file entry21.cif (mmCIF, C-alpha atoms)
data_protein
loop_
_atom_site.label_atom_id
_atom_site.label_comp_id
_atom_site.auth_asym_id
_atom_site.auth_seq_id
_atom_site.Cartn_x
_atom_site.Cartn_y
_atom_site.Cartn_z
CA MET A 1 -31.57 -54.54 26.36
CA THR A 2 -32.00 -56.10 29.78
CA SER A 3 -33.17 -59.50 30.93
CA LEU A 4 -36.58 -59.95 32.49
CA SER A 5 -35.05 -61.16 35.77
CA ASP A 6 -32.78 -58.09 36.01
CA TYR A 7 -35.73 -55.83 35.24
CA LEU A 8 -37.79 -57.38 38.04
CA LYS A 9 -34.94 -57.22 40.54
CA THR A 10 -34.27 -53.55 39.76
CA ARG A 11 -37.91 -52.53 39.94
CA LEU A 12 -38.52 -54.46 43.14
CA LEU A 13 -35.47 -52.81 44.72
CA ILE A 14 -36.74 -49.35 43.73
CA LEU A 15 -40.18 -50.24 45.06
CA GLY A 16 -38.65 -51.35 48.36
CA VAL A 17 -36.75 -48.07 48.72
CA VAL A 18 -39.89 -46.07 47.96
CA LEU A 19 -41.87 -48.08 50.50
CA LEU A 20 -39.20 -47.41 53.13
CA VAL A 21 -40.05 -43.69 53.14
CA PRO A 22 -43.63 -43.96 54.48
CA VAL A 23 -42.58 -46.68 56.94
CA LEU A 24 -39.86 -44.47 58.41
CA TYR A 25 -42.26 -41.54 58.52
CA LEU A 26 -44.77 -43.65 60.44
CA LEU A 27 -42.15 -44.68 62.98
CA PHE A 28 -40.97 -41.10 63.37
CA SER A 29 -44.56 -39.91 63.91
CA LEU A 30 -45.10 -42.52 66.58
CA TYR A 31 -41.92 -41.40 68.29
CA GLU A 32 -42.97 -37.77 68.15
CA LEU A 33 -46.30 -38.61 69.73
CA GLY A 34 -44.43 -39.94 72.74
CA LEU A 35 -45.65 -43.49 72.65
CA ASP A 36 -42.10 -44.72 72.89
CA ASP A 37 -41.77 -43.06 76.34
CA ALA A 38 -44.12 -45.65 77.76
CA THR A 39 -41.59 -48.39 77.23
CA GLU A 40 -39.32 -49.72 79.93
CA LEU A 41 -36.29 -48.61 77.94
CA TYR A 42 -37.06 -44.89 78.25
CA LEU A 43 -38.12 -45.24 81.88
CA GLN A 44 -34.74 -46.78 82.60
CA GLN A 45 -32.95 -44.04 80.66
CA ASP A 46 -34.72 -41.37 82.71
CA MET A 47 -33.87 -43.25 85.92
CA ASP A 48 -30.18 -43.27 84.96
CA TRP A 49 -30.47 -39.56 84.24
CA ALA A 50 -32.05 -38.87 87.63
CA ILE A 51 -29.44 -40.84 89.60
CA GLU A 52 -26.62 -39.18 87.65
CA SER A 53 -28.08 -35.76 88.40
CA LEU A 54 -28.39 -36.60 92.12
CA SER A 55 -24.82 -37.84 92.23
CA GLN A 56 -23.41 -34.73 90.55
CA THR A 57 -25.64 -31.93 91.82
CA GLY A 58 -27.67 -33.49 94.60
CA VAL A 59 -30.96 -32.48 92.95
CA LEU A 60 -33.32 -34.21 90.59
CA PRO A 61 -33.77 -33.12 86.98
CA THR A 62 -36.41 -30.50 86.36
CA ALA A 63 -39.87 -31.92 85.74
CA GLN A 64 -41.18 -31.77 82.16
CA THR A 65 -44.58 -32.06 80.57
CA GLY A 66 -45.77 -35.62 81.16
CA LYS A 67 -42.57 -36.49 83.04
CA ARG A 68 -41.81 -36.01 86.76
CA PHE A 69 -39.14 -37.12 89.26
CA ALA A 70 -39.32 -37.69 93.02
CA ILE A 71 -37.02 -38.94 95.81
CA GLY A 72 -38.69 -40.58 98.75
CA LEU A 73 -42.41 -40.88 99.38
CA GLU A 74 -42.52 -37.38 100.82
CA GLN A 75 -41.87 -35.89 97.35
CA LEU A 76 -44.10 -38.38 95.57
CA PRO A 77 -47.64 -37.11 94.97
CA THR A 78 -50.17 -38.85 97.19
CA LEU A 79 -51.83 -40.20 94.06
CA TYR A 80 -49.04 -42.76 93.78
CA HIS A 81 -48.59 -43.65 97.46
CA SER A 82 -50.96 -46.59 97.44
CA VAL A 83 -49.28 -48.05 94.41
CA ALA A 84 -45.74 -47.34 95.58
CA LYS A 85 -46.29 -48.99 99.00
CA THR A 86 -47.59 -52.21 97.47
CA LEU A 87 -44.98 -52.60 94.73
CA PRO A 88 -44.08 -56.23 94.10
CA ASP A 89 -40.60 -57.39 93.18
CA ASP A 90 -41.09 -55.79 89.78
CA PRO A 91 -39.94 -52.13 90.15
CA TYR A 92 -42.37 -50.86 87.49
CA LEU A 93 -45.68 -49.30 88.51
CA PHE A 94 -48.84 -48.60 86.56
CA LEU A 95 -51.80 -46.42 87.41
CA GLN A 96 -54.79 -45.42 85.32
CA THR A 97 -57.15 -42.63 86.27
CA ALA A 98 -60.20 -41.21 84.56
CA ASP A 99 -58.19 -38.78 82.49
CA SER A 100 -54.64 -40.20 82.26
CA ILE A 101 -52.32 -43.21 82.29
CA HIS A 102 -49.20 -43.29 84.48
CA TYR A 103 -46.13 -45.45 84.05
CA GLY A 104 -43.37 -45.42 86.65
CA LEU A 105 -40.06 -46.92 87.71
CA VAL A 106 -38.63 -47.11 91.24
CA GLY A 107 -34.88 -46.97 91.81
CA GLU A 108 -32.53 -46.36 94.76
CA TRP A 109 -29.97 -43.69 95.59
CA ARG A 110 -28.14 -43.69 98.93
CA GLY A 111 -30.87 -45.72 100.57
CA LYS A 112 -33.70 -43.57 99.33
CA ALA A 113 -36.32 -44.50 96.75
CA VAL A 114 -36.15 -42.57 93.49
CA PHE A 115 -39.28 -42.37 91.34
CA VAL A 116 -39.60 -41.60 87.63
CA ILE A 117 -43.19 -41.11 86.40
CA HIS A 118 -44.40 -40.76 82.81
CA GLU A 119 -47.93 -39.46 82.41
CA PHE A 120 -50.15 -39.65 79.31
CA PRO A 121 -53.42 -37.69 79.49
CA LEU A 122 -56.27 -39.57 77.83
CA ASP A 123 -58.19 -36.48 76.81
CA GLU A 124 -55.28 -34.29 75.76
CA PRO A 125 -55.70 -33.31 72.13
CA ILE A 126 -52.77 -34.08 69.89
CA GLU A 127 -51.62 -31.27 67.67
CA GLY A 128 -51.88 -32.11 64.03
CA LEU A 129 -53.16 -35.47 62.78
CA GLN A 130 -54.35 -38.16 65.18
CA LEU A 131 -52.46 -41.43 65.46
CA GLU A 132 -55.26 -43.39 63.77
CA THR A 133 -55.30 -40.95 60.86
CA ILE A 134 -51.54 -41.10 60.42
CA ALA A 135 -51.54 -44.90 60.55
CA MET A 136 -54.38 -45.11 58.05
CA LEU A 137 -52.70 -42.66 55.66
CA MET A 138 -49.44 -44.54 55.88
CA VAL A 139 -51.10 -47.88 55.20
CA LEU A 140 -52.99 -46.41 52.25
CA SER A 141 -49.78 -44.83 50.93
CA ILE A 142 -47.92 -48.14 51.18
CA LEU A 143 -50.72 -50.02 49.46
CA SER A 144 -50.97 -47.36 46.75
CA ILE A 145 -47.26 -47.49 46.04
CA MET A 146 -47.33 -51.29 45.90
CA VAL A 147 -50.32 -51.34 43.54
CA MET A 148 -48.87 -48.65 41.29
CA GLY A 149 -45.49 -50.35 41.17
CA ALA A 150 -47.06 -53.71 40.37
CA TRP A 151 -49.27 -52.06 37.72
CA PHE A 152 -46.36 -50.39 35.94
CA MET A 153 -44.35 -53.61 35.97
CA TYR A 154 -47.36 -55.55 34.71
CA ARG A 155 -47.94 -53.08 31.87
CA ARG A 156 -44.31 -53.19 30.83
CA ILE A 157 -44.17 -56.97 30.82
CA SER A 158 -47.62 -57.35 29.25
CA PHE A 159 -46.63 -54.96 26.45
CA ALA A 160 -43.63 -57.15 25.70
CA MET A 161 -45.71 -60.36 25.84
CA ARG A 162 -48.40 -58.96 23.57
CA ALA A 163 -45.77 -57.62 21.22
CA LEU A 164 -44.31 -61.12 21.11
CA GLU A 165 -47.74 -62.43 20.17
CA PHE A 166 -47.88 -60.00 17.26
CA SER A 167 -44.19 -60.18 16.40
CA THR A 168 -44.92 -61.98 13.17
CA HIS A 169 -47.44 -59.37 12.01
CA LEU A 170 -47.03 -55.89 10.61
CA HIS A 171 -49.11 -54.22 13.34
CA GLY A 172 -47.56 -51.39 15.33
CA MET A 173 -47.93 -51.12 19.08
CA LYS A 174 -50.83 -48.71 18.57
CA ASP A 175 -52.77 -51.73 17.39
CA LEU A 176 -52.04 -53.51 20.65
CA THR A 177 -52.37 -50.74 23.22
CA THR A 178 -54.37 -47.55 23.38
CA GLY A 179 -52.36 -44.40 22.85
CA SER A 180 -48.88 -45.96 22.88
CA SER A 181 -46.53 -44.75 20.17
CA PHE A 182 -43.76 -47.36 20.32
CA THR A 183 -43.75 -50.27 17.87
CA HIS A 184 -43.99 -53.92 18.75
CA GLU A 185 -40.35 -54.39 17.70
CA GLU A 186 -39.31 -51.86 20.35
CA ALA A 187 -41.44 -53.58 23.00
CA VAL A 188 -40.02 -57.00 22.12
CA ALA A 189 -36.48 -55.63 22.48
CA TRP A 190 -37.09 -54.55 26.11
CA PHE A 191 -36.23 -58.01 27.45
CA SER A 192 -33.58 -60.34 26.08
CA GLU A 193 -35.64 -63.50 26.72
CA VAL A 194 -38.63 -62.13 24.81
CA TYR A 195 -36.40 -60.94 21.96
CA GLU A 196 -34.81 -64.40 21.58
CA VAL A 197 -38.20 -66.12 21.52
CA SER A 198 -39.53 -63.56 19.03
CA HIS A 199 -36.55 -64.07 16.73
CA ALA A 200 -36.96 -67.86 16.87
CA LEU A 201 -40.69 -67.53 16.09
CA LYS A 202 -40.01 -65.28 13.10
CA VAL A 203 -37.46 -67.73 11.68
CA ALA A 204 -39.78 -70.70 12.20
CA LEU A 205 -42.74 -68.86 10.69
CA LYS A 206 -40.70 -67.79 7.68
CA GLN A 207 -39.67 -71.41 7.07
CA LEU A 208 -43.28 -72.55 7.44
CA GLN A 209 -44.52 -69.88 5.05
CA ASP A 210 -41.87 -70.84 2.48
CA LYS A 211 -42.83 -74.50 2.73
CA THR A 212 -46.53 -73.72 2.48
CA GLN A 213 -45.93 -71.54 -0.56
CA GLN A 214 -43.96 -74.36 -2.19
CA GLU A 215 -46.83 -76.77 -1.54
CA ARG A 216 -49.34 -74.34 -2.99
CA ALA A 217 -47.23 -73.79 -6.06
CA PHE A 218 -46.83 -77.56 -6.51
CA ILE A 219 -50.59 -78.18 -6.19
CA GLN A 220 -51.39 -75.38 -8.60
CA SER A 221 -48.88 -76.60 -11.16
CA LEU A 222 -50.02 -80.20 -10.78
CA SER A 223 -53.63 -79.21 -11.28
CA HIS A 224 -52.89 -77.29 -14.45
CA GLU A 225 -50.62 -80.06 -15.78
CA LEU A 226 -53.33 -82.66 -15.19
CA ARG A 227 -56.17 -80.67 -16.73
CA THR A 228 -54.46 -80.15 -20.08
CA PRO A 229 -53.83 -83.83 -21.02
CA MET A 230 -57.17 -84.86 -19.53
CA ALA A 231 -58.95 -82.38 -21.77
CA ILE A 232 -57.10 -83.73 -24.82
CA ILE A 233 -57.99 -87.30 -23.86
CA GLN A 234 -61.64 -86.36 -23.39
CA VAL A 235 -61.78 -84.77 -26.87
CA ALA A 236 -60.29 -87.92 -28.38
CA LEU A 237 -62.79 -90.10 -26.52
CA ASP A 238 -65.69 -87.96 -27.72
CA VAL A 239 -64.48 -88.37 -31.33
CA LEU A 240 -64.11 -92.15 -30.96
CA SER A 241 -67.52 -92.52 -29.34
CA LYS A 242 -69.14 -91.19 -32.53
CA GLN A 243 -67.55 -93.96 -34.60
CA THR A 244 -69.13 -97.33 -35.30
CA LEU A 245 -67.45 -99.63 -32.82
CA GLU A 246 -67.98 -103.04 -31.30
CA GLU A 247 -69.98 -103.21 -28.06
CA LYS A 248 -66.93 -104.34 -26.07
CA THR A 249 -64.90 -101.43 -27.39
CA LYS A 250 -67.70 -98.99 -26.53
CA ARG A 251 -67.81 -100.26 -22.94
CA THR A 252 -64.05 -99.87 -22.69
CA LEU A 253 -64.28 -96.30 -23.99
CA VAL A 254 -67.02 -95.52 -21.44
CA ASN A 255 -64.82 -96.82 -18.62
CA ILE A 256 -61.90 -94.78 -19.89
CA SER A 257 -64.12 -91.70 -20.15
CA ASP A 258 -65.38 -92.18 -16.58
CA ALA A 259 -61.83 -92.50 -15.30
CA ASN A 260 -60.78 -89.44 -17.26
CA GLN A 261 -63.68 -87.43 -15.81
CA ARG A 262 -62.65 -88.49 -12.31
CA MET A 263 -59.12 -87.27 -13.03
CA GLN A 264 -60.52 -83.97 -14.31
CA THR A 265 -62.63 -83.62 -11.16
CA LEU A 266 -59.57 -84.34 -9.04
CA ALA A 267 -57.55 -81.70 -10.89
CA GLN A 268 -60.34 -79.15 -10.41
CA GLN A 269 -60.59 -79.97 -6.72
CA LEU A 270 -56.83 -79.65 -6.24
CA LEU A 271 -56.96 -76.21 -7.79
CA ALA A 272 -60.02 -75.36 -5.66
CA VAL A 273 -58.17 -76.39 -2.49
CA TRP A 274 -55.28 -74.13 -3.41
CA GLN A 275 -57.63 -71.22 -4.10
CA ALA A 276 -59.58 -71.73 -0.86
CA ASP A 277 -56.38 -71.96 1.16
CA ALA A 278 -54.85 -68.92 -0.53
CA GLU A 279 -57.79 -66.51 -0.37
CA THR A 280 -60.30 -67.88 2.21
CA PRO A 281 -63.05 -65.28 1.62
CA LYS A 282 -65.68 -65.52 4.37
CA VAL A 283 -69.30 -65.27 3.28
CA ARG A 284 -72.65 -66.55 4.54
CA VAL A 285 -73.08 -70.04 3.12
CA SER A 286 -76.29 -72.09 3.00
CA LEU A 287 -75.49 -75.68 3.93
CA MET A 288 -78.77 -77.05 2.55
CA GLN A 289 -78.10 -75.48 -0.85
CA HIS A 290 -74.68 -77.14 -1.08
CA PHE A 291 -76.06 -80.51 0.00
CA ASP A 292 -78.68 -80.25 -2.78
CA GLN A 293 -75.96 -79.35 -5.30
CA ALA A 294 -73.73 -82.24 -4.18
CA ILE A 295 -76.63 -84.73 -4.38
CA ALA A 296 -77.53 -83.50 -7.85
CA SER A 297 -73.90 -83.82 -9.00
CA LEU A 298 -73.61 -87.37 -7.64
CA ASP A 299 -76.95 -88.32 -9.17
CA ARG A 300 -75.70 -87.39 -12.62
CA GLN A 301 -72.83 -89.87 -12.17
CA TYR A 302 -74.33 -92.65 -10.06
CA HIS A 303 -78.15 -92.11 -10.20
CA CYS A 304 -78.27 -92.15 -6.40
CA ALA A 305 -80.50 -89.21 -5.46
CA GLU A 306 -83.38 -91.44 -4.32
CA GLN A 307 -81.08 -93.22 -1.87
CA ILE A 308 -79.86 -90.06 -0.12
CA ARG A 309 -82.11 -88.67 2.61
CA ILE A 310 -81.47 -85.48 4.53
CA GLN A 311 -83.10 -84.26 7.73
CA CYS A 312 -82.93 -80.56 8.56
CA HIS A 313 -85.49 -78.71 10.69
CA GLU A 314 -83.90 -75.25 10.52
CA THR A 315 -82.11 -72.93 8.13
CA VAL A 316 -78.40 -73.53 8.66
CA MET A 317 -76.03 -70.74 7.59
CA VAL A 318 -72.31 -70.62 8.29
CA MET A 319 -69.55 -68.06 7.75
CA GLY A 320 -66.61 -69.33 5.73
CA SER A 321 -65.18 -70.13 2.33
CA GLU A 322 -67.99 -71.28 0.04
CA LEU A 323 -65.52 -73.24 -2.06
CA ALA A 324 -64.20 -75.12 0.98
CA VAL A 325 -67.77 -75.95 2.10
CA GLN A 326 -68.50 -77.35 -1.35
CA LEU A 327 -65.38 -79.55 -1.28
CA VAL A 328 -66.14 -80.97 2.18
CA ILE A 329 -69.78 -81.84 1.46
CA PHE A 330 -69.21 -83.29 -2.02
CA ASN A 331 -66.26 -85.49 -1.07
CA LEU A 332 -67.83 -86.84 2.14
CA LEU A 333 -71.08 -87.65 0.34
CA LYS A 334 -69.17 -89.28 -2.50
CA ASN A 335 -67.17 -91.42 -0.07
CA ALA A 336 -70.36 -92.45 1.76
CA TRP A 337 -71.89 -93.60 -1.53
CA LEU A 338 -68.81 -95.37 -2.90
CA HIS A 339 -68.04 -97.26 0.33
CA GLY A 340 -71.50 -98.61 1.10
CA ASP A 341 -74.62 -100.07 -0.50
CA GLY A 342 -77.46 -98.75 1.68
CA ILE A 343 -79.44 -95.57 1.99
CA ILE A 344 -77.39 -92.52 3.05
CA ASN A 345 -78.89 -90.55 5.94
CA ILE A 346 -77.81 -86.97 6.60
CA SER A 347 -78.68 -85.06 9.78
CA LEU A 348 -78.03 -81.30 9.64
CA ASP A 349 -78.39 -78.69 12.40
CA SER A 350 -76.75 -75.46 13.55
CA LYS A 351 -73.88 -77.33 15.26
CA GLY A 352 -72.85 -79.57 12.39
CA PHE A 353 -73.94 -82.54 10.30
CA VAL A 354 -73.68 -86.34 10.33
CA ILE A 355 -73.47 -88.57 7.26
CA VAL A 356 -74.34 -92.25 7.80
CA ASN A 357 -74.38 -95.24 5.44
CA PRO A 358 -75.47 -98.27 7.51
CA THR A 359 -73.92 -100.78 5.09
CA GLY A 360 -70.66 -98.89 4.59
CA SER A 361 -67.31 -98.99 6.40
CA CYS A 362 -65.16 -96.06 7.49
CA ALA A 363 -62.17 -98.37 7.88
CA LYS A 364 -62.50 -99.52 4.26
CA ALA A 365 -62.97 -95.95 3.07
CA ALA A 366 -59.92 -94.74 4.97
CA ALA A 367 -57.80 -97.61 3.63
CA GLU A 368 -58.80 -96.91 0.04
CA GLU A 369 -58.57 -93.12 0.36
CA SER A 370 -55.10 -93.34 1.96
CA VAL A 371 -53.66 -93.96 -1.50
CA GLY A 372 -55.71 -91.17 -3.11
CA MET A 373 -56.42 -87.49 -2.66
CA GLY A 374 -59.94 -87.58 -1.19
CA LEU A 375 -58.99 -87.35 2.48
CA PHE A 376 -56.29 -84.81 1.71
CA ILE A 377 -58.81 -82.52 0.01
CA VAL A 378 -61.33 -82.88 2.86
CA ASP A 379 -58.70 -82.26 5.53
CA LYS A 380 -57.36 -79.16 3.79
CA ALA A 381 -60.86 -77.75 3.32
CA LEU A 382 -61.71 -78.42 6.99
CA ASP A 383 -58.56 -76.56 8.02
CA VAL A 384 -59.61 -73.56 5.94
CA LEU A 385 -63.05 -73.54 7.57
CA GLY A 386 -61.83 -74.26 11.10
CA TRP A 387 -64.17 -77.27 11.37
CA ARG A 388 -63.54 -80.67 12.92
CA SER A 389 -64.48 -84.11 11.63
CA PHE A 390 -64.97 -87.28 13.66
CA VAL A 391 -64.94 -90.76 12.13
CA GLU A 392 -66.62 -93.48 14.20
CA GLU A 393 -65.19 -96.95 13.78
CA GLY A 394 -67.71 -99.75 13.21
CA ASP A 395 -69.69 -101.67 10.65
CA GLU A 396 -71.24 -98.53 9.17
CA TYR A 397 -69.92 -95.43 7.46
CA ARG A 398 -70.45 -92.54 9.93
CA VAL A 399 -68.73 -89.17 9.74
CA THR A 400 -69.56 -86.22 12.03
CA VAL A 401 -68.55 -82.65 11.19
CA ARG A 402 -68.71 -79.83 13.72
CA PHE A 403 -68.77 -76.14 12.74
CA ASP A 404 -66.14 -75.09 15.30
CA SER A 405 -62.58 -76.12 16.12
CA ALA A 406 -63.17 -76.77 19.84
CA PRO A 407 -63.10 -80.46 20.83
CA LYS A 408 -66.44 -81.91 21.92
#
call {"tool": "encode", "arguments": {"input": "entry21.cif", "output": "structure tokens"}}
result
Amino acid sequence: MTSLSDYLKTRLLILGVVLLVPVLYLLFSLYELGLDDATELYLQQDMDWAIESLSQTGVLPTAQTGKRFAIGLEQLPTLYHSVAKTLPDDPYLFLQTADSIHYGLVGEWRGKAVFVIHEFPLDEPIEGLQLETIAMLMVLSILSIMVMGAWFMYRRISFAMRALEFSTHLHGMKDLTTGSSFTHEEAVAWFSEVYEVSHALKVALKQLQDKTQQERAFIQSLSHELRTPMAIIQVALDVLSKQTLEEKTKRTLVNISDANQRMQTLAQQLLAVWQADAETPKVRVSLMQHFDQAIASLDRQYHCAEQIRIQCHETVMVMGSELAVQLVIFNLLKNAWLHGDGIINISLDSKGFVIVNPTGSCAKAAAEESVGMGLFIVDKALDVLGWRSFVEEGDEYRVTVRFDSAPK
């Protein structure tokens, strides 16, 4: 296992060495084409060669293709006489004709002028590839090597990053990349930094899963434990209600029965929250149907159907847990009724819904619900659905629910 920084340094070093090959080839090609002979350095080298040859043998070196030597103006071709006679202090001469370029250097040996001339024909075909073609091929080769090197490094690092993303799942790397046979555990182990982060994520996720499972088990057990005594109490109340009792006693039994029914509803909702959070089946849910069911359920308890008005100009369907949708709508409507005295207005569209009670108070509802389970049930159901709720502070009860988790 290597670190990401070491991997990058190694790959960049290899890429640099690979790039050096076409660069050196380009320089060698330029040298072979003779362009370096046009520089002052090679003119001076040939001048030193000519003077050394004169000193040792008394004759100039033999002329070569594109390179000639002369001593005195009498040996210099007449083509260069006009330039040679008007040389400034700079000993270098330059002459361009219709078909060639001439570079020269003037030196001195025993009081005589020594000339070195380099000639480059403009129309002379170059054997093999032209300079422009070689330069273009070299540039394309360098760019190709850079792109390929960057692509391979990107793929390697991206594999590791995507494997880290899926490190807490049971998917193999074939699920993440097309045609790759290595697993995500192998990809995560490529770099030490990624492996350490992956290990920390797995430990944290395991702890979170254990805690969540404990909470689910507690809610399930609590729900079952509550339902059993509540059912027994309800049976006893039903038996007592059939007896001949004083009016005050009857009213007390009715209040006890109402409280017991609320406890039974709470126990059922706790169990429903656990089931929705555990299974979360996604189906197409009709919002209008669940609003009608919630209004009918509240009307049986509080006779409030005539005071609940809903506006909806389109058929609104959502994908999600039907049980979670039922919990959200019922509890929000119930809170709106219990924490206000006016008519409840509901506005429903494809983006969400708004519940308003002009004479209610969200602050009062939140304060009272903070000691109960209503807000907990709504929040858990919203998490299952991936919805967001917004409570507007003020003198009225107003709750807005959006069908997506993105902030508005």
call {"tool": "closest_residue", "arguments": {"input": "entry21.cif", "among": "A:Val59, A:Met319, A:Ile355, A:Cys312", "to": "A:Val399", "atoms": "only C-alpha atoms"}}
result
A:Ile355
call {"tool": "atom_distance", "arguments": {"input": "entry21.cif", "atom1": "atom CA of A:Phe69", "atom2": "atom CA of A:Ala50"}}
result
7.5 Å
call {"tool": "closest_residue", "arguments": {"input": "entry21.cif", "among": "A:Asp299, A:Glu225, A:Asp210, A:Glu392", "to": "A:Met263", "atoms": "only C-alpha atoms"}}
result
A:Glu225
call {"tool": "resolve_selection", "arguments": {"input": "entry21.cif", "expression": "the PyMOL selection byres ((chain A and resi 89-100) around 10)", "output": "compact mmCIF listing (two decimals) with C-alpha atoms, keeping the file's coordinate frame"}}
result
# COMPACT_ATOMS: atom_id res chain seq x y z
CA GLU A 40 -39.32 -49.72 79.93
CA LEU A 43 -38.12 -45.24 81.88
CA GLN A 44 -34.74 -46.78 82.60
CA LEU A 79 -51.83 -40.20 94.06
CA TYR A 80 -49.04 -42.76 93.78
CA VAL A 83 -49.28 -48.05 94.41
CA ALA A 84 -45.74 -47.34 95.58
CA THR A 86 -47.59 -52.21 97.47
CA LEU A 87 -44.98 -52.60 94.73
CA PRO A 88 -44.08 -56.23 94.10
CA ILE A 101 -52.32 -43.21 82.29
CA HIS A 102 -49.20 -43.29 84.48
CA TYR A 103 -46.13 -45.45 84.05
CA GLY A 104 -43.37 -45.42 86.65
CA LEU A 105 -40.06 -46.92 87.71
CA VAL A 106 -38.63 -47.11 91.24
CA GLY A 107 -34.88 -46.97 91.81
CA PHE A 115 -39.28 -42.37 91.34
CA VAL A 116 -39.60 -41.60 87.63
CA ILE A 117 -43.19 -41.11 86.40
CA HIS A 118 -44.40 -40.76 82.81
CA GLU A 119 -47.93 -39.46 82.41
CA PHE A 120 -50.15 -39.65 79.31
CA PRO A 121 -53.42 -37.69 79.49
CA LEU A 122 -56.27 -39.57 77.83
CA ASP A 123 -58.19 -36.48 76.81
CA GLU A 124 -55.28 -34.29 75.76
call {"tool": "closest_residue", "arguments": {"input": "entry21.cif", "among": "A:Val285, A:Leu143, A:Leu253, A:Ala381", "to": "A:Val18", "atoms": "all atoms listed in the file"}}
result
A:Leu143
call {"tool": "atom_distance", "arguments": {"input": "entry21.cif", "atom1": "atom CA of A:Phe218", "atom2": "atom CA of A:Ala200"}}
result
27.2 Å
call {"tool": "atom_distance", "arguments": {"input": "entry21.cif", "atom1": "atom CA of A:Thr265", "atom2": "atom CA of A:Val316"}}
result
27.3 Å
call {"tool": "closest_residue", "arguments": {"input": "entry21.cif", "among": "A:Ile308, A:Leu266, A:Glu322, A:Val391", "to": "A:Phe376", "atoms": "all atoms listed in the file"}}
result
A:Leu266
call {"tool": "residues_around", "arguments": {"input": "entry21.cif", "residues": "A:Ala259", "least_positions_apart": "5", "cutoff": "12 Å", "atoms": "all atoms listed in the file", "output": "count of residues only"}}
result
11
call {"tool": "residues_around", "arguments": {"input": "entry21.cif", "residues": "stretch 336-350 of chain A", "least_positions_apart": "4", "cutoff": "7 Å", "atoms": "all atoms listed in the file", "output": "ChimeraX atom specification"}}
result
/A:307-312,314,316,332,354-361,365,397
call {"tool": "closest_residue", "arguments": {"input": "entry21.cif", "among": "A:Ala150, A:Val283, A:Leu222, A:Ala305", "to": "A:Leu8", "atoms": "all atoms listed in the file"}}
result
A:Ala150
call {"tool": "resolve_selection", "arguments": {"input": "entry21.cif", "expression": "the PyMOL selection byres ((chain A and resi 295) around 9)", "output": "VMD selection string"}}
result
chain A and resid 290 to 294 296 to 300 304 to 305 308 330 333 to 334
call {"tool": "resolve_selection", "arguments": {"input": "entry21.cif", "expression": "the PyMOL selection byres ((chain A and resi 142) around 10)", "output": "PyMOL selection string"}}
result
chain A and resi 18-23+136-141+143-148
call {"tool": "closest_residue", "arguments": {"input": "entry21.cif", "among": "A:Gly72, A:Phe152, A:Lys282, A:Ala135", "to": "A:Phe28", "atoms": "only C-alpha atoms"}}
result
A:Ala135
call {"tool": "build_atoms", "arguments": {"input": "entry21.cif", "residues": "stretch 205-216 of chain A", "atoms": "N, CA and C atoms", "output": "PDB file, keeping the file's coordinate frame"}}
result
ATOM      1  N   LEU A 205     -41.594 -69.228  11.515  1.00  0.00           N
ATOM      2  CA  LEU A 205     -42.740 -68.860  10.690  1.00  0.00           C
ATOM      3  C   LEU A 205     -42.331 -68.627   9.245  1.00  0.00           C
ATOM      4  N   LYS A 206     -41.179 -68.016   9.048  1.00  0.00           N
ATOM      5  CA  LYS A 206     -40.700 -67.790   7.680  1.00  0.00           C
ATOM      6  C   LYS A 206     -40.471 -69.122   6.964  1.00  0.00           C
ATOM      7  N   GLN A 207     -39.881 -70.092   7.668  1.00  0.00           N
ATOM      8  CA  GLN A 207     -39.670 -71.410   7.070  1.00  0.00           C
ATOM      9  C   GLN A 207     -40.995 -72.085   6.750  1.00  0.00           C
ATOM     10  N   LEU A 208     -41.968 -71.948   7.674  1.00  0.00           N
ATOM     11  CA  LEU A 208     -43.280 -72.550   7.440  1.00  0.00           C
ATOM     12  C   LEU A 208     -43.988 -71.901   6.261  1.00  0.00           C
ATOM     13  N   GLN A 209     -43.895 -70.578   6.174  1.00  0.00           N
ATOM     14  CA  GLN A 209     -44.520 -69.880   5.050  1.00  0.00           C
ATOM     15  C   GLN A 209     -43.886 -70.285   3.718  1.00  0.00           C
ATOM     16  N   ASP A 210     -42.555 -70.424   3.718  1.00  0.00           N
ATOM     17  CA  ASP A 210     -41.870 -70.840   2.480  1.00  0.00           C
ATOM     18  C   ASP A 210     -42.313 -72.243   2.065  1.00  0.00           C
ATOM     19  N   LYS A 211     -42.411 -73.133   3.052  1.00  0.00           N
ATOM     20  CA  LYS A 211     -42.830 -74.500   2.730  1.00  0.00           C
ATOM     21  C   LYS A 211     -44.264 -74.541   2.242  1.00  0.00           C
ATOM     22  N   THR A 212     -45.135 -73.765   2.908  1.00  0.00           N
ATOM     23  CA  THR A 212     -46.530 -73.720   2.480  1.00  0.00           C
ATOM     24  C   THR A 212     -46.661 -73.162   1.079  1.00  0.00           C
ATOM     25  N   GLN A 213     -45.891 -72.124   0.778  1.00  0.00           N
ATOM     26  CA  GLN A 213     -45.930 -71.540  -0.560  1.00  0.00           C
ATOM     27  C   GLN A 213     -45.456 -72.534  -1.608  1.00  0.00           C
ATOM     28  N   GLN A 214     -44.444 -73.339  -1.257  1.00  0.00           N
ATOM     29  CA  GLN A 214     -43.960 -74.360  -2.190  1.00  0.00           C
ATOM     30  C   GLN A 214     -45.040 -75.406  -2.450  1.00  0.00           C
ATOM     31  N   GLU A 215     -45.751 -75.794  -1.366  1.00  0.00           N
ATOM     32  CA  GLU A 215     -46.830 -76.770  -1.540  1.00  0.00           C
ATOM     33  C   GLU A 215     -47.942 -76.214  -2.409  1.00  0.00           C
ATOM     34  N   ARG A 216     -48.301 -74.958  -2.170  1.00  0.00           N
ATOM     35  CA  ARG A 216     -49.340 -74.340  -2.990  1.00  0.00           C
ATOM     36  C   ARG A 216     -48.939 -74.284  -4.455  1.00  0.00           C
TER      37      ARG A 216
END
